[in-house]
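Student: First the structure, which I've put down as structure tokens, then a few questions once you've had a look.
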2 protein chains.
Amino acid sequence: MPTPDRTSVDAIVRAGQDILESAGIAGLTMQAVADRVGVRAPSLYKRVRNRDDLVRLITEATIRDLGERLAVIVAGSDPRRELAELARAFRAFAHARPRGYQLIFAPRSDLAGPSIVLTHAVEPVLRVTANLAGEDHALDAARTLTAWANGFVSMELAGAFKLGGDVDQAYEYGIARLADALAR
Amino acid sequence: MPTPDRTSVDAIVRAGQDILESAGIAGLTMQAVADRVGVRAPSLYKRVRNRDDLVRLITEATIRDLGERLAVIVAGSDPRRELAELARAFRAFAHARPRGYQLIFAPRSDLAGPSIVLTHAVEPVLRVTANLAGEDHALDAARTLTAWANGFVSMELAGAFKLGGDVDQAYEYGIARLADALAR
DNA sequence: GTCTATATTTCGATAGAC
DNA sequence: GTCTATCGAAATATAGAC
């Protein structure tokens, strides 16, 4: 062993997530990541192909993190309550890690959309909407729910709610209305 | 008049909108805009402060374009039908000009969120939700509706709907459910 | 696998003549 | 107001020694 490993893909991705939240996507440079994991920038290219590849890995790790938060909520008992808790957990995640969240649904230069990882992460939503709206409408209902939640927090993070009013309460209003609307 | 004006802010912004749609935000360089309007790049700085300023102007022009599409729909007669038509026009605009649309709700490096222009553009939505849900719930209902529509087309443009099914029909499903849910 | 050194490229922005 | 010429700055990525 001439030169032992001083870092790893996992450490690089975690460092990238931290830098993303603190410095934004523009601050996520190979140099910044290298500084944080304690190697020189060129060494990163032994672990990741290039910067786009790193951004992809960071995005997928973030989707997995979100999926874990959602997965623990659904037990199958009370779909209406679980819908509300899914929605609140979704928003809380976006508030806690806004830059990573924005990466999930960001338009890609790459042609491929969000990976299969996203499909896995939203599986709890499908379980709830199946219970609430029935199997036949589970997919349409899940798309309605996730579209609303994603749109709401995206607009919130972008500072698009400028007409006053209580934004927290607007979110609870949406939860209640959607739960009514999707219940068969 | 030693040197007559060979371009204008309007021409620059329109050129920027075209380049944005064809080449993406990364392709929106001062050089590309200058080529299209027929001047040299440094001349642009007599009209716009810098690239960020140009992007801001392009975003606001796009919001105004969207607002014009929405404004012609609302007559006050049938709120449920008008809600559906607003939603469809919103989605059609996003499909026709995806990059410009994505700019509207994109996270800003700038601290300021979308300008007052957006407030004006969504005014038709408020008129419809006031008729549908009552004045007391007009704002919450408008936020629910715009969040859903924005979230839906954002996910669509990002390629996030990967579980099959008919996406057009999922949108119509959402329209119907939201119209029910928001009607008082 | 990590390092130093550097190539490359690209683009935003300015200076000053006309 | 537009032009030529150029600066300045940054960041990705590679080459080759150890």
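Order determines the names: the first chain of the structure tokens is A, the second B, and so forth; residues in each chain are numbered 1 upward, and ligands are numbered 1 upward as they are shown.
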What are the residues of chain B that have an atom within 7 Å of an atom of chain A, counting only C-alpha atoms, as a ChimeraX atom specification?
Tutor: /B:105-108,113-114,140,144,147-148,150-152,155,157-160,170,173-174,177-178,180-182
Student: So that each row is one residue of chain C with an atom at most 10 Å from chain B, can you give its shortest atom pair and the distance in Å to one decimal, using only C-alpha atoms (C1' of nucleotides), rows by chain and rising number, as a Markdown table?
Tutor:
```
| residue | atom | partner | partner_atom | distance |
| --- | --- | --- | --- | --- |
| C:DC11 | C1' | B:Thr29 | CA | 7.7 |
| C:DG12 | C1' | B:Arg51 | CA | 7.9 |
| C:DA13 | C1' | B:Pro42 | CA | 8.0 |
| C:DT14 | C1' | B:Pro42 | CA | 8.8 |
| C:DC18 | C1' | B:Pro2 | CA | 9.3 |
```
Student: Could you write out as number ranges by chain the residues of chain B within 7 Å of chain D, counting only C-alpha atoms (C1' of nucleotides)?
Tutor: B: 3-5, 43
Student: Could the residues in this selection be written to a file with all heavy atoms, as a short mmCIF file (atom, residue, chain, number, x, y, z; two decimals), in the first residue's frame?
Tutor:
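Writing done, so here's selection-v3.cif:
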```cif
data_model
loop_
_atom_site.label_atom_id
_atom_site.label_comp_id
_atom_site.auth_asym_id
_atom_site.auth_seq_id
_atom_site.Cartn_x
_atom_site.Cartn_y
_atom_site.Cartn_z
N THR B 3 -23.56 58.06 -33.66
CA THR B 3 -23.84 56.62 -33.88
C THR B 3 -25.27 56.34 -33.48
O THR B 3 -25.61 56.38 -32.30
CB THR B 3 -22.90 55.73 -33.04
OG1 THR B 3 -22.93 56.20 -31.70
CG2 THR B 3 -21.50 55.76 -33.59
N PRO B 4 -26.11 56.04 -34.46
CA PRO B 4 -27.53 55.79 -34.15
C PRO B 4 -27.69 54.48 -33.38
O PRO B 4 -26.86 53.59 -33.48
CB PRO B 4 -28.17 55.68 -35.53
CG PRO B 4 -27.06 55.27 -36.44
CD PRO B 4 -25.80 55.87 -35.89
N ASP B 5 -28.79 54.39 -32.64
CA ASP B 5 -29.07 53.16 -31.88
C ASP B 5 -29.28 51.99 -32.82
O ASP B 5 -30.12 52.04 -33.71
CB ASP B 5 -30.33 53.35 -31.03
CG ASP B 5 -30.09 54.36 -29.92
OD1 ASP B 5 -29.06 55.03 -29.96
OD2 ASP B 5 -30.94 54.45 -29.02
N SER B 43 -21.38 46.35 -26.25
CA SER B 43 -22.44 47.35 -26.43
C SER B 43 -23.67 47.05 -25.58
O SER B 43 -24.44 47.96 -25.25
CB SER B 43 -22.84 47.41 -27.90
OG SER B 43 -21.72 47.75 -28.70
#
```
Student: I'd like the interatomic distance between CA of Ala61 in chain B and CA of Val13 in chain B, to a tenth of an Å.
Tutor: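 Taking CA of Ala61 in chain B and CA of Val13 in chain B, their separation equals 7.8 Å.
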Student: Quick one: pull the distance between CA of Gly16 in chain A and CA of Val33 in chain A, Å, one decimal.
Tutor: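 CA of Val33 in chain A lies 5.9 Å from CA of Gly16 in chain A.
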